[in-house]
file entry_21.pdb (PDB, C-alpha atoms and all ligand atoms)
ATOM      1  CA  MET I1162      -7.733  -4.593 -16.471
ATOM      2  CA  ASN I1163      -5.175  -1.803 -16.148
ATOM      3  CA  VAL I1164      -2.421  -2.497 -13.620
ATOM      4  CA  LEU I1165       0.149  -0.052 -12.280
ATOM      5  CA  ILE I1166       3.160  -1.605 -10.545
ATOM      6  CA  VAL I1167       5.080   0.856  -8.397
ATOM      7  CA  HIS I1168       8.464  -0.796  -8.027
ATOM      8  CA  ALA I1169      10.916   0.303  -5.339
ATOM      9  CA  HIS I1170      14.254  -1.518  -5.422
ATOM     10  CA  PRO I1171      17.610   0.011  -6.354
ATOM     11  CA  GLU I1172      18.984  -3.131  -8.072
ATOM     12  CA  ALA I1173      17.523  -4.436 -11.343
ATOM     13  CA  THR I1174      18.734  -8.023 -10.739
ATOM     14  CA  SER I1175      17.200  -8.188  -7.248
ATOM     15  CA  PHE I1176      14.487 -10.631  -6.298
ATOM     16  CA  ASN I1177      12.103  -7.682  -6.236
ATOM     17  CA  GLY I1178      13.146  -7.071  -9.846
ATOM     18  CA  ALA I1179      12.348 -10.717 -10.655
ATOM     19  CA  LEU I1180       8.908 -10.393  -9.033
ATOM     20  CA  THR I1181       8.061  -7.277 -11.044
ATOM     21  CA  ALA I1182       9.303  -8.827 -14.301
ATOM     22  CA  LEU I1183       7.208 -11.899 -13.579
ATOM     23  CA  ALA I1184       4.154  -9.779 -12.816
ATOM     24  CA  LEU I1185       4.557  -7.899 -16.109
ATOM     25  CA  ARG I1186       4.724 -11.159 -18.110
ATOM     26  CA  THR I1187       1.953 -12.908 -16.211
ATOM     27  CA  LEU I1188      -0.485 -10.010 -16.348
ATOM     28  CA  GLN I1189       0.197  -9.244 -20.018
ATOM     29  CA  ASP I1190      -0.202 -12.921 -20.941
ATOM     30  CA  ARG I1191      -3.634 -12.754 -19.344
ATOM     31  CA  GLY I1192      -4.607  -9.767 -21.489
ATOM     32  CA  HIS I1193      -4.118  -7.043 -18.885
ATOM     33  CA  HIS I1194      -2.438  -3.705 -19.564
ATOM     34  CA  VAL I1195       0.532  -2.944 -17.341
ATOM     35  CA  GLN I1196       2.542   0.169 -16.556
ATOM     36  CA  ILE I1197       5.560   0.102 -14.246
ATOM     37  CA  SER I1198       6.891   3.028 -12.258
ATOM     38  CA  ASP I1199      10.450   1.917 -11.474
ATOM     39  CA  LEU I1200      11.193   4.589  -8.896
ATOM     40  CA  TYR I1201      14.986   4.250  -8.628
ATOM     41  CA  ALA I1202      15.355   4.008 -12.422
ATOM     42  CA  MET I1203      13.200   7.137 -12.721
ATOM     43  CA  LYS I1204      15.350   8.858 -10.096
ATOM     44  CA  TRP I1205      12.114   9.685  -8.345
ATOM     45  CA  LYS I1206      12.302  12.715  -6.066
ATOM     46  CA  ALA I1207      11.236  11.424  -2.668
ATOM     47  CA  THR I1208      10.813  14.640  -0.728
ATOM     48  CA  LEU I1209       7.626  16.656  -0.554
ATOM     49  CA  ASP I1210       8.992  20.197  -0.322
ATOM     50  CA  PRO I1211       8.458  23.717  -1.705
ATOM     51  CA  ASP I1212      10.209  22.819  -4.982
ATOM     52  CA  ASP I1213       7.088  20.839  -5.914
ATOM     53  CA  PHE I1214       4.992  23.978  -6.134
ATOM     54  CA  ALA I1215       5.684  26.573  -8.811
ATOM     55  CA  GLN I1216       2.508  28.485  -7.994
ATOM     56  CA  ARG I1217       2.208  28.819  -4.250
ATOM     57  CA  ALA I1218      -1.033  29.315  -2.337
ATOM     58  CA  ASP I1219       0.957  31.008   0.412
ATOM     59  CA  THR I1220       4.544  32.129   0.016
ATOM     60  CA  SER I1221       4.869  33.337   3.617
ATOM     61  CA  ARG I1222       5.068  29.829   5.056
ATOM     62  CA  PHE I1223       4.998  26.323   3.555
ATOM     63  CA  GLU I1224       1.962  24.254   4.492
ATOM     64  CA  PRO I1225       2.245  21.012   2.464
ATOM     65  CA  SER I1226      -1.426  19.931   2.505
ATOM     66  CA  GLN I1227      -2.632  23.393   1.570
ATOM     67  CA  GLU I1228      -0.161  23.631  -1.299
ATOM     68  CA  GLN I1229      -1.096  20.164  -2.564
ATOM     69  CA  GLU I1230      -4.775  21.017  -2.650
ATOM     70  CA  HIS I1231      -4.103  24.391  -4.257
ATOM     71  CA  ALA I1232      -1.902  22.834  -6.956
ATOM     72  CA  GLN I1233      -4.492  20.146  -7.664
ATOM     73  CA  TYR I1234      -7.363  22.588  -8.058
ATOM     74  CA  HIS I1235      -5.306  25.118 -10.024
ATOM     75  CA  HIS I1236      -3.773  22.534 -12.381
ATOM     76  CA  SER I1237      -0.241  23.370 -11.340
ATOM     77  CA  VAL I1238       0.862  19.967 -10.018
ATOM     78  CA  SER I1239       4.515  19.338 -10.890
ATOM     79  CA  PRO I1240       4.921  17.272 -14.078
ATOM     80  CA  ASP I1241       6.497  14.208 -12.407
ATOM     81  CA  VAL I1242       3.684  13.995  -9.840
ATOM     82  CA  ARG I1243       1.029  14.646 -12.465
ATOM     83  CA  ALA I1244       2.390  11.786 -14.618
ATOM     84  CA  GLU I1245       2.129   9.382 -11.675
ATOM     85  CA  GLN I1246      -1.355  10.596 -10.780
ATOM     86  CA  GLU I1247      -2.441   9.924 -14.358
ATOM     87  CA  LYS I1248      -1.139   6.361 -14.039
ATOM     88  CA  VAL I1249      -3.079   5.909 -10.787
ATOM     89  CA  GLN I1250      -6.223   7.292 -12.444
ATOM     90  CA  TRP I1251      -5.712   4.859 -15.339
ATOM     91  CA  ALA I1252      -5.180   1.843 -13.079
ATOM     92  CA  ASP I1253      -7.842  -0.555 -11.847
ATOM     93  CA  LEU I1254      -5.228  -2.230  -9.660
ATOM     94  CA  VAL I1255      -2.093  -0.717  -8.113
ATOM     95  CA  ILE I1256       0.614  -3.104  -6.901
ATOM     96  CA  LEU I1257       3.328  -1.766  -4.600
ATOM     97  CA  GLN I1258       6.436  -3.969  -4.958
ATOM     98  CA  PHE I1259       9.091  -3.409  -2.306
ATOM     99  CA  PRO I1260      11.482  -4.970   0.204
ATOM    100  CA  VAL I1261      10.492  -4.447   3.836
ATOM    101  CA  TRP I1262      12.968  -1.868   5.109
ATOM    102  CA  TRP I1263      12.791  -0.927   8.767
ATOM    103  CA  PHE I1264       9.359  -2.535   9.096
ATOM    104  CA  SER I1265       8.037  -0.318   6.330
ATOM    105  CA  MET I1266       8.598   0.711   2.726
ATOM    106  CA  PRO I1267      11.816   2.186   1.291
ATOM    107  CA  ALA I1268      11.935   5.974   1.595
ATOM    108  CA  ILE I1269      11.669   6.445  -2.160
ATOM    109  CA  LEU I1270       8.291   4.701  -2.153
ATOM    110  CA  LYS I1271       7.140   6.617   0.898
ATOM    111  CA  GLY I1272       8.058   9.730  -1.067
ATOM    112  CA  TRP I1273       5.908   8.511  -3.957
ATOM    113  CA  VAL I1274       3.006   8.140  -1.521
ATOM    114  CA  ASP I1275       3.657  11.562   0.045
ATOM    115  CA  ARG I1276       3.748  13.361  -3.288
ATOM    116  CA  VAL I1277       1.394  11.390  -5.556
ATOM    117  CA  LEU I1278      -1.447  10.400  -3.225
ATOM    118  CA  SER I1279      -1.826  14.027  -2.345
ATOM    119  CA  ARG I1280      -4.561  15.999  -0.662
ATOM    120  CA  GLY I1281      -6.918  17.077  -3.401
ATOM    121  CA  PHE I1282      -6.038  14.081  -5.567
ATOM    122  CA  ALA I1283      -6.400  10.994  -3.360
ATOM    123  CA  TYR I1284      -8.379  12.440  -0.455
ATOM    124  CA  SER I1285      -9.805  15.737   0.758
ATOM    125  CA  SER I1286     -11.910  17.111   3.563
ATOM    126  CA  GLY I1287     -14.793  14.674   4.127
ATOM    127  CA  HIS I1288     -13.429  12.289   1.520
ATOM    128  CA  LYS I1289     -11.390   9.567   3.153
ATOM    129  CA  TYR I1290     -11.787   5.820   3.724
ATOM    130  CA  ASP I1291     -15.192   4.814   2.269
ATOM    131  CA  THR I1292     -15.356   8.107   0.408
ATOM    132  CA  GLY I1293     -11.672   8.440  -0.547
ATOM    133  CA  HIS I1294     -11.138   9.732  -4.062
ATOM    134  CA  LEU I1295      -9.644   6.415  -5.239
ATOM    135  CA  LYS I1296     -12.721   4.379  -4.386
ATOM    136  CA  GLY I1297     -13.379   1.630  -6.918
ATOM    137  CA  LYS I1298      -9.706   0.807  -7.400
ATOM    138  CA  ARG I1299      -7.886  -2.115  -5.835
ATOM    139  CA  ALA I1300      -4.386  -2.229  -4.383
ATOM    140  CA  MET I1301      -2.045  -4.981  -3.238
ATOM    141  CA  LEU I1302       1.362  -5.140  -1.584
ATOM    142  CA  SER I1303       4.007  -7.599  -2.791
ATOM    143  CA  VAL I1304       6.856  -7.549  -0.282
ATOM    144  CA  THR I1305      10.113  -9.337   0.402
ATOM    145  CA  THR I1306      11.710  -9.697   3.810
ATOM    146  CA  GLY I1307      15.116 -10.306   5.327
ATOM    147  CA  THR I1308      13.836 -12.858   7.809
ATOM    148  CA  ALA I1309      11.648 -15.974   7.896
ATOM    149  CA  SER I1310       7.848 -16.075   8.045
ATOM    150  CA  THR I1311       7.989 -17.448  11.592
ATOM    151  CA  LEU I1312       9.345 -14.116  12.832
ATOM    152  CA  TYR I1313       6.285 -12.405  11.366
ATOM    153  CA  GLU I1314       3.704 -14.636  12.991
ATOM    154  CA  PRO I1315       1.711 -13.240  15.944
ATOM    155  CA  ASN I1316       4.161 -14.773  18.432
ATOM    156  CA  GLY I1317       7.237 -13.947  16.335
ATOM    157  CA  VAL I1318       9.890 -11.474  17.431
ATOM    158  CA  ASP I1319       9.019  -9.060  14.600
ATOM    159  CA  GLY I1320       5.263  -9.301  15.241
ATOM    160  CA  ASP I1321       2.387 -10.175  12.936
ATOM    161  CA  LEU I1322       3.064  -8.983   9.393
ATOM    162  CA  HIS I1323      -0.546  -7.822   9.265
ATOM    163  CA  HIS I1324       0.195  -5.358  12.084
ATOM    164  CA  ILE I1325       3.404  -4.179  10.445
ATOM    165  CA  LEU I1326       1.623  -3.468   7.179
ATOM    166  CA  TRP I1327      -1.439  -1.858   8.818
ATOM    167  CA  PRO I1328      -0.106   1.707   8.411
ATOM    168  CA  ILE I1329       0.149   1.120   4.655
ATOM    169  CA  HIS I1330      -2.982  -1.001   4.281
ATOM    170  CA  ASN I1331      -5.165   1.224   6.424
ATOM    171  CA  GLY I1332      -3.404   4.583   6.661
ATOM    172  CA  THR I1333      -2.557   4.917   2.974
ATOM    173  CA  LEU I1334      -4.580   2.527   0.815
ATOM    174  CA  ALA I1335      -7.916   2.172   2.627
ATOM    175  CA  TYR I1336      -7.681   5.840   3.674
ATOM    176  CA  THR I1337      -7.628   6.977   0.050
ATOM    177  CA  GLY I1338     -10.498   4.641  -0.870
ATOM    178  CA  PHE I1339      -8.729   1.611  -2.324
ATOM    179  CA  THR I1340     -10.144  -1.859  -1.829
ATOM    180  CA  VAL I1341      -7.116  -3.629  -0.348
ATOM    181  CA  LEU I1342      -6.254  -7.171  -1.418
ATOM    182  CA  PRO I1343      -4.285  -9.432   0.932
ATOM    183  CA  PRO I1344      -0.524  -8.923   0.662
ATOM    184  CA  ILE I1345       1.872 -11.526  -0.648
ATOM    185  CA  ALA I1346       5.276 -11.995   1.000
ATOM    186  CA  SER I1347       8.398 -13.681  -0.366
ATOM    187  CA  TRP I1348      10.246 -14.559   2.829
ATOM    188  CA  MET I1349      13.998 -13.850   2.998
ATOM    189  CA  PRO I1350      14.759 -14.565  -0.672
ATOM    190  CA  ALA I1351      18.454 -13.900  -0.077
ATOM    191  CA  GLN I1352      18.678 -16.721   2.497
ATOM    192  CA  VAL I1353      16.603 -19.504   0.931
ATOM    193  CA  ASP I1354      17.775 -21.838  -1.837
ATOM    194  CA  GLU I1355      17.112 -21.452  -5.542
ATOM    195  CA  ALA I1356      14.223 -23.945  -5.451
ATOM    196  CA  MET I1357      12.448 -21.876  -2.814
ATOM    197  CA  ARG I1358      12.949 -18.692  -4.788
ATOM    198  CA  LYS I1359      11.438 -20.395  -7.852
ATOM    199  CA  GLN I1360       8.533 -21.458  -5.654
ATOM    200  CA  TYR I1361       8.022 -17.843  -4.543
ATOM    201  CA  LEU I1362       7.863 -16.769  -8.190
ATOM    202  CA  ALA I1363       5.382 -19.573  -8.954
ATOM    203  CA  ASP I1364       3.286 -18.550  -5.932
ATOM    204  CA  TYR I1365       3.197 -14.962  -7.148
ATOM    205  CA  ALA I1366       2.183 -16.015 -10.673
ATOM    206  CA  GLU I1367      -0.587 -18.104  -9.125
ATOM    207  CA  ARG I1368      -1.724 -15.158  -7.024
ATOM    208  CA  LEU I1369      -1.824 -12.876 -10.070
ATOM    209  CA  ALA I1370      -3.835 -15.439 -11.996
ATOM    210  CA  HIS I1371      -6.531 -15.523  -9.306
ATOM    211  CA  LEU I1372      -6.881 -11.880  -8.308
ATOM    212  CA  GLU I1373     -10.609 -11.910  -8.947
ATOM    213  CA  GLU I1374     -11.148 -14.638  -6.356
ATOM    214  CA  LEU I1375      -9.311 -12.831  -3.556
ATOM    215  CA  GLU I1376     -11.328 -11.703  -0.571
ATOM    216  CA  PRO I1377     -10.209  -8.126   0.260
ATOM    217  CA  LEU I1378      -8.926  -7.235   3.714
ATOM    218  CA  PHE I1379     -11.636  -6.147   6.122
ATOM    219  CA  PHE I1380     -11.898  -2.553   7.287
ATOM    220  CA  HIS I1381     -14.814  -1.318   9.344
ATOM    221  CA  PRO I1382     -17.255   0.725   7.253
ATOM    222  CA  ARG I1383     -18.121   4.305   8.187
ATOM    223  CA  GLN I1384     -21.382   3.297   9.858
ATOM    224  CA  ASP I1385     -19.456   1.277  12.465
ATOM    225  CA  TYR I1386     -17.972   4.544  13.821
ATOM    226  CA  ASP I1387     -19.569   7.252  15.939
ATOM    227  CA  ASP I1388     -19.215  11.027  15.606
ATOM    228  CA  HIS I1389     -15.791  10.861  17.267
ATOM    229  CA  GLN I1390     -14.734   8.307  14.659
ATOM    230  CA  GLN I1391     -14.504   5.600  17.298
ATOM    231  CA  LEU I1392     -16.089   2.186  16.942
ATOM    232  CA  LYS I1393     -19.626   2.320  18.329
ATOM    233  CA  PRO I1394     -20.212   0.623  21.700
ATOM    234  CA  GLY I1395     -21.716  -2.548  20.281
ATOM    235  CA  VAL I1396     -19.273  -3.086  17.438
ATOM    236  CA  ILE I1397     -16.728  -5.861  17.880
ATOM    237  CA  ALA I1398     -13.495  -4.847  16.143
ATOM    238  CA  ARG I1399     -12.637  -7.285  13.381
ATOM    239  CA  SER I1400      -9.734  -5.600  11.586
ATOM    240  CA  GLY I1401      -7.129  -7.622  13.458
ATOM    241  CA  VAL I1402      -5.438  -4.472  14.767
ATOM    242  CA  GLN I1403      -8.129  -2.449  16.565
ATOM    243  CA  TRP I1404     -10.068  -3.564  19.622
ATOM    244  CA  ASN I1405     -13.122  -1.967  21.189
ATOM    245  CA  PRO I1406     -13.218  -1.596  24.986
ATOM    246  CA  ARG I1407     -16.721  -0.104  24.625
ATOM    247  CA  ALA I1408     -17.900  -3.462  23.315
ATOM    248  CA  GLY I1409     -16.226  -5.157  26.292
ATOM    249  CA  GLN I1410     -13.520  -6.385  23.923
ATOM    250  CA  THR I1411      -9.958  -6.912  25.084
ATOM    251  CA  PHE I1412      -6.767  -6.862  23.051
ATOM    252  CA  GLU I1413      -6.661 -10.665  23.233
ATOM    253  CA  GLN I1414     -10.247 -11.023  22.026
ATOM    254  CA  SER I1415      -9.525  -8.811  19.018
ATOM    255  CA  ALA I1416      -7.154 -11.454  17.672
ATOM    256  CA  ALA I1417      -9.883 -14.070  18.030
ATOM    257  CA  ALA I1418     -12.383 -11.847  16.198
ATOM    258  CA  PHE I1419      -9.850 -11.347  13.426
ATOM    259  CA  ALA I1420      -9.380 -15.110  13.083
ATOM    260  CA  ASP I1421     -13.175 -15.589  12.996
ATOM    261  CA  ASN I1422     -13.167 -13.110  10.146
ATOM    262  CA  ASP I1423     -10.732 -15.300   8.189
ATOM    263  CA  GLY I1424      -8.345 -12.396   8.383
ATOM    264  CA  ARG I1425      -5.263 -14.538   8.251
ATOM    265  CA  LEU I1426      -2.407 -13.421   5.990
TER     266      LEU I1426
HETATM  267  P1  LIG F   1      18.081  -9.888  -3.300
HETATM  268  O1  LIG F   1      19.174  -9.977  -2.300
HETATM  269  O2  LIG F   1      18.213  -8.930  -4.423
HETATM  270  O3  LIG F   1      17.804 -11.283  -3.976
HETATM  271  C1  LIG F   1      17.870 -12.498  -3.267
HETATM  272  C2  LIG F   1      18.386 -13.548  -4.196
HETATM  273  O4  LIG F   1      17.453 -13.767  -5.279
HETATM  274  C3  LIG F   1      19.723 -13.176  -4.867
HETATM  275  O5  LIG F   1      20.612 -14.230  -4.718
HETATM  276  C4  LIG F   1      19.334 -12.974  -6.312
HETATM  277  O6  LIG F   1      20.389 -13.303  -7.194
HETATM  278  C5  LIG F   1      18.185 -13.971  -6.453
HETATM  279  N1  LIG F   1      17.372 -13.778  -7.650
HETATM  280  C6  LIG F   1      17.194 -12.655  -8.380
HETATM  281  N2  LIG F   1      16.401 -12.906  -9.425
HETATM  282  C7  LIG F   1      16.044 -14.212  -9.357
HETATM  283  C8  LIG F   1      15.221 -15.056 -10.154
HETATM  284  N3  LIG F   1      14.605 -14.618 -11.265
HETATM  285  N4  LIG F   1      15.065 -16.343  -9.789
HETATM  286  C9  LIG F   1      15.659 -16.808  -8.665
HETATM  287  N5  LIG F   1      16.464 -16.066  -7.873
HETATM  288  C10 LIG F   1      16.642 -14.762  -8.214
HETATM  289  N6  LIG F   1      14.123  -7.165   6.474
HETATM  290  C11 LIG F   1      13.083  -7.376   7.318
HETATM  291  O7  LIG F   1      12.541  -8.503   7.327
HETATM  292  N7  LIG F   1      12.593  -6.377   8.113
HETATM  293  C12 LIG F   1      13.132  -5.134   8.103
HETATM  294  O8  LIG F   1      12.662  -4.270   8.820
HETATM  295  C13 LIG F   1      14.230  -4.889   7.246
HETATM  296  N8  LIG F   1      14.815  -3.661   7.179
HETATM  297  C14 LIG F   1      15.792  -3.420   6.263
HETATM  298  C15 LIG F   1      16.303  -2.119   6.141
HETATM  299  C16 LIG F   1      17.261  -1.853   5.180
HETATM  300  C17 LIG F   1      17.752  -0.431   5.029
HETATM  301  C18 LIG F   1      17.747  -2.883   4.345
HETATM  302  C19 LIG F   1      18.775  -2.581   3.298
HETATM  303  C20 LIG F   1      17.265  -4.154   4.475
HETATM  304  C21 LIG F   1      16.266  -4.466   5.411
HETATM  305  N9  LIG F   1      15.706  -5.716   5.517
HETATM  306  C22 LIG F   1      14.701  -5.948   6.420
HETATM  307  C23 LIG F   1      16.111  -6.819   4.614
HETATM  308  C24 LIG F   1      15.380  -6.706   3.261
HETATM  309  O9  LIG F   1      13.987  -6.762   3.440
HETATM  310  C25 LIG F   1      15.793  -7.861   2.338
HETATM  311  O10 LIG F   1      17.173  -7.724   2.101
HETATM  312  C26 LIG F   1      15.042  -7.815   1.021
HETATM  313  O11 LIG F   1      13.661  -7.954   1.237
HETATM  314  C27 LIG F   1      15.472  -8.968   0.124
HETATM  315  O12 LIG F   1      14.893  -8.787  -1.164
HETATM  316  P2  LIG F   1      15.829  -8.363  -2.404
HETATM  317  O13 LIG F   1      14.985  -8.210  -3.617
HETATM  318  O14 LIG F   1      16.677  -7.201  -2.021
HETATM  319  O15 LIG F   1      16.701  -9.683  -2.502
END
call {"tool": "encode", "arguments": {"input": "entry_21.pdb", "output": "structure tokens"}}
result
Amino acid sequence: MNVLIVHAHPEATSFNGALTALALRTLQDRGHHVQISDLYAMKWKATLDPDDFAQRADTSRFEPSQEQEHAQYHHSVSPDVRAEQEKVQWADLVILQFPVWWFSMPAILKGWVDRVLSRGFAYSSGHKYDTGHLKGKRAMLSVTTGTASTLYEPNGVDGDLHHILWPIHNGTLAYTGFTVLPPIASWMPAQVDEAMRKQYLADYAERLAHLEELEPLFFHPRQDYDDHQQLKPGVIARSGVQWNPRAGQTFEQSAAAFADNDGRL
């Protein structure tokens, strides 16, 4: 299998760095091919702006989606973006490795998403979710946090990690067609002792050794939605984040449906 690790941490000796190094060794030992995009080391340009487009579709005003699609179809994508898109095309599995910053990904990684998973490349009109251009590929998040797992449980002050990661899982990965594997979190590696950090690394190696056995996260298929792209009246939401009033479902019941679906993190 071909694996692309998109690594977003500014310090090589960080715990994120240790997780990526471990992933490289573990996956290669198992016969997989691995490429790493180390975004800070690459000095990745994070902003999607007019400088990305040498041949503009419209020079009178900058419309990012239009320019992305135009560049894709006219083979004028900027070389740094093109190189990353080729890695994504090559990959069977894409791992995003990052520390949770402000309940999300570091800006440099968001910039990778903005520029690389572009309109025309990763999605286009009528081609999103089940028909996203990256259908057939898998993706997985490996994250670290600054706080304990208890804070990320449904009754924790930070809220369920599954909800926090939904914009990435659903809005980026599922949207572009990826099959999304459950995330793995290393909880507050800077606060725990060395033994716990070693355990996190062992847990990650174990996870990487059993990727084939992982049940992907559940997202409702296209046929569960009506013409307004809302869940049909009879469909009980099972994603763990949505709920369907038209099925008589309340917010509280959606959590129960998620648990029934074995949707635990
Ligand atoms: P590091 O501090 O780099 O590493 C932790 C420890 O692991 C260090 O002692 C290091 O020496 C050690 N280590 C390195 N390699 C190894 C190895 N091979 N074996 C054993 N030990 C090793 N947290 C949240 O939970 N939610 C947020 O919303 C959030 N927002 C943030 C926003 C910003 C802008 C910043 C800067 C931080 C935020 N944080 C937040 C905290 C952040 O998520 C954590 O600091 C980060 O996840 C910790 O991971 P790290 O790789 O940076 O750890």
call {"tool": "closest_residue", "arguments": {"input": "entry_21.pdb", "among": "I:Thr1306, I:Glu1373, I:Arg1299, I:Arg1217", "to": "I:Trp1263", "atoms": "only C-alpha atoms"}}
result
I:Thr1306
call {"tool": "closest_atom_pairs", "arguments": {"input": "entry_21.pdb", "of": "chain I", "to": "ligand LIG 1 (chain F)", "cutoff": "9 Å", "atoms": "only C-alpha atoms and all ligand atoms", "output": "Markdown table"}}
result
| residue | atom | partner | partner_atom | distance |
| --- | --- | --- | --- | --- |
| I:His1170 | CA | F:LIG1 | O13 | 7.0 |
| I:Pro1171 | CA | F:LIG1 | O14 | 8.5 |
| I:Glu1172 | CA | F:LIG1 | O2 | 6.9 |
| I:Ala1173 | CA | F:LIG1 | O2 | 8.3 |
| I:Thr1174 | CA | F:LIG1 | C6 | 5.4 |
| I:Ser1175 | CA | F:LIG1 | O2 | 3.1 |
| I:Phe1176 | CA | F:LIG1 | O13 | 3.6 |
| I:Asn1177 | CA | F:LIG1 | O13 | 3.9 |
| I:Gly1178 | CA | F:LIG1 | O13 | 6.6 |
| I:Ala1179 | CA | F:LIG1 | N3 | 4.5 |
| I:Leu1180 | CA | F:LIG1 | N3 | 7.4 |
| I:Ala1182 | CA | F:LIG1 | N3 | 8.4 |
| I:Leu1183 | CA | F:LIG1 | N3 | 8.2 |
| I:Phe1259 | CA | F:LIG1 | O11 | 7.4 |
| I:Pro1260 | CA | F:LIG1 | O11 | 3.8 |
| I:Val1261 | CA | F:LIG1 | O9 | 4.2 |
| I:Trp1262 | CA | F:LIG1 | N8 | 3.3 |
| I:Trp1263 | CA | F:LIG1 | O8 | 3.3 |
| I:Phe1264 | CA | F:LIG1 | O8 | 3.7 |
| I:Ser1265 | CA | F:LIG1 | O8 | 6.6 |
| I:Met1266 | CA | F:LIG1 | N8 | 8.8 |
| I:Pro1267 | CA | F:LIG1 | C17 | 7.5 |
| I:Val1304 | CA | F:LIG1 | O11 | 7.0 |
| I:Thr1305 | CA | F:LIG1 | O11 | 3.9 |
| I:Thr1306 | CA | F:LIG1 | O11 | 3.7 |
| I:Gly1307 | CA | F:LIG1 | N6 | 3.5 |
| I:Thr1308 | CA | F:LIG1 | O7 | 4.6 |
| I:Ala1309 | CA | F:LIG1 | O7 | 7.5 |
| I:Ser1310 | CA | F:LIG1 | O7 | 8.9 |
| I:Leu1312 | CA | F:LIG1 | O7 | 8.5 |
| I:Tyr1313 | CA | F:LIG1 | O7 | 8.4 |
| I:Asp1319 | CA | F:LIG1 | N7 | 7.9 |
| I:Ser1347 | CA | F:LIG1 | O11 | 7.9 |
| I:Trp1348 | CA | F:LIG1 | O11 | 7.6 |
| I:Met1349 | CA | F:LIG1 | C27 | 5.9 |
| I:Pro1350 | CA | F:LIG1 | C1 | 4.5 |
| I:Ala1351 | CA | F:LIG1 | C1 | 3.5 |
| I:Gln1352 | CA | F:LIG1 | C1 | 7.2 |
| I:Val1353 | CA | F:LIG1 | C2 | 8.1 |
| I:Asp1354 | CA | F:LIG1 | N5 | 8.5 |
| I:Glu1355 | CA | F:LIG1 | C9 | 5.8 |
| I:Ala1356 | CA | F:LIG1 | C9 | 8.0 |
| I:Met1357 | CA | F:LIG1 | C9 | 8.4 |
| I:Arg1358 | CA | F:LIG1 | C9 | 5.1 |
| I:Lys1359 | CA | F:LIG1 | C9 | 5.6 |
| I:Tyr1361 | CA | F:LIG1 | C9 | 8.7 |
| I:Leu1362 | CA | F:LIG1 | N4 | 7.4 |
call {"tool": "write_last_selection", "arguments": {"input": "entry_21.pdb", "atoms": "C-alpha atoms", "output": "CSV table (one decimal), in the coordinates of the input"}}
result
chain,number,residue,atom,x,y,z
I,1170,HIS,CA,14.3,-1.5,-5.4
I,1171,PRO,CA,17.6,0.0,-6.4
I,1172,GLU,CA,19.0,-3.1,-8.1
I,1173,ALA,CA,17.5,-4.4,-11.3
I,1174,THR,CA,18.7,-8.0,-10.7
I,1175,SER,CA,17.2,-8.2,-7.2
I,1176,PHE,CA,14.5,-10.6,-6.3
I,1177,ASN,CA,12.1,-7.7,-6.2
I,1178,GLY,CA,13.1,-7.1,-9.8
I,1179,ALA,CA,12.3,-10.7,-10.7
I,1180,LEU,CA,8.9,-10.4,-9.0
I,1182,ALA,CA,9.3,-8.8,-14.3
I,1183,LEU,CA,7.2,-11.9,-13.6
I,1259,PHE,CA,9.1,-3.4,-2.3
I,1260,PRO,CA,11.5,-5.0,0.2
I,1261,VAL,CA,10.5,-4.4,3.8
I,1262,TRP,CA,13.0,-1.9,5.1
I,1263,TRP,CA,12.8,-0.9,8.8
I,1264,PHE,CA,9.4,-2.5,9.1
I,1265,SER,CA,8.0,-0.3,6.3
I,1266,MET,CA,8.6,0.7,2.7
I,1267,PRO,CA,11.8,2.2,1.3
I,1304,VAL,CA,6.9,-7.5,-0.3
I,1305,THR,CA,10.1,-9.3,0.4
I,1306,THR,CA,11.7,-9.7,3.8
I,1307,GLY,CA,15.1,-10.3,5.3
I,1308,THR,CA,13.8,-12.9,7.8
I,1309,ALA,CA,11.6,-16.0,7.9
I,1310,SER,CA,7.8,-16.1,8.0
I,1312,LEU,CA,9.3,-14.1,12.8
I,1313,TYR,CA,6.3,-12.4,11.4
I,1319,ASP,CA,9.0,-9.1,14.6
I,1347,SER,CA,8.4,-13.7,-0.4
I,1348,TRP,CA,10.2,-14.6,2.8
I,1349,MET,CA,14.0,-13.8,3.0
I,1350,PRO,CA,14.8,-14.6,-0.7
I,1351,ALA,CA,18.5,-13.9,-0.1
I,1352,GLN,CA,18.7,-16.7,2.5
I,1353,VAL,CA,16.6,-19.5,0.9
I,1354,ASP,CA,17.8,-21.8,-1.8
I,1355,GLU,CA,17.1,-21.5,-5.5
I,1356,ALA,CA,14.2,-23.9,-5.5
I,1357,MET,CA,12.4,-21.9,-2.8
I,1358,ARG,CA,12.9,-18.7,-4.8
I,1359,LYS,CA,11.4,-20.4,-7.9
I,1361,TYR,CA,8.0,-17.8,-4.5
I,1362,LEU,CA,7.9,-16.8,-8.2
call {"tool": "resolve_selection", "arguments": {"input": "entry_21.pdb", "expression": "the PyMOL selection byres (((chain I and resi 1285-1296) around 7) and not hetatm)", "output": "number ranges by chain"}}
result
I: 1280-1284, 1297-1298, 1335-1339, 1382-1383
call {"tool": "closest_residue", "arguments": {"input": "entry_21.pdb", "among": "I:Leu1322, I:Val1164, I:Ile1329, I:Leu1342", "to": "I:Met1301", "atoms": "all atoms listed in the file"}}
result
I:Leu1342
call {"tool": "atom_distance", "arguments": {"input": "entry_21.pdb", "atom1": "atom CA of I:Pro1377", "atom2": "atom CA of I:His1330"}}
result
10.9 Å
call {"tool": "atom_distance", "arguments": {"input": "entry_21.pdb", "atom1": "atom CA of I:Asp1253", "atom2": "atom CA of I:Leu1378"}}
result
17.0 Å
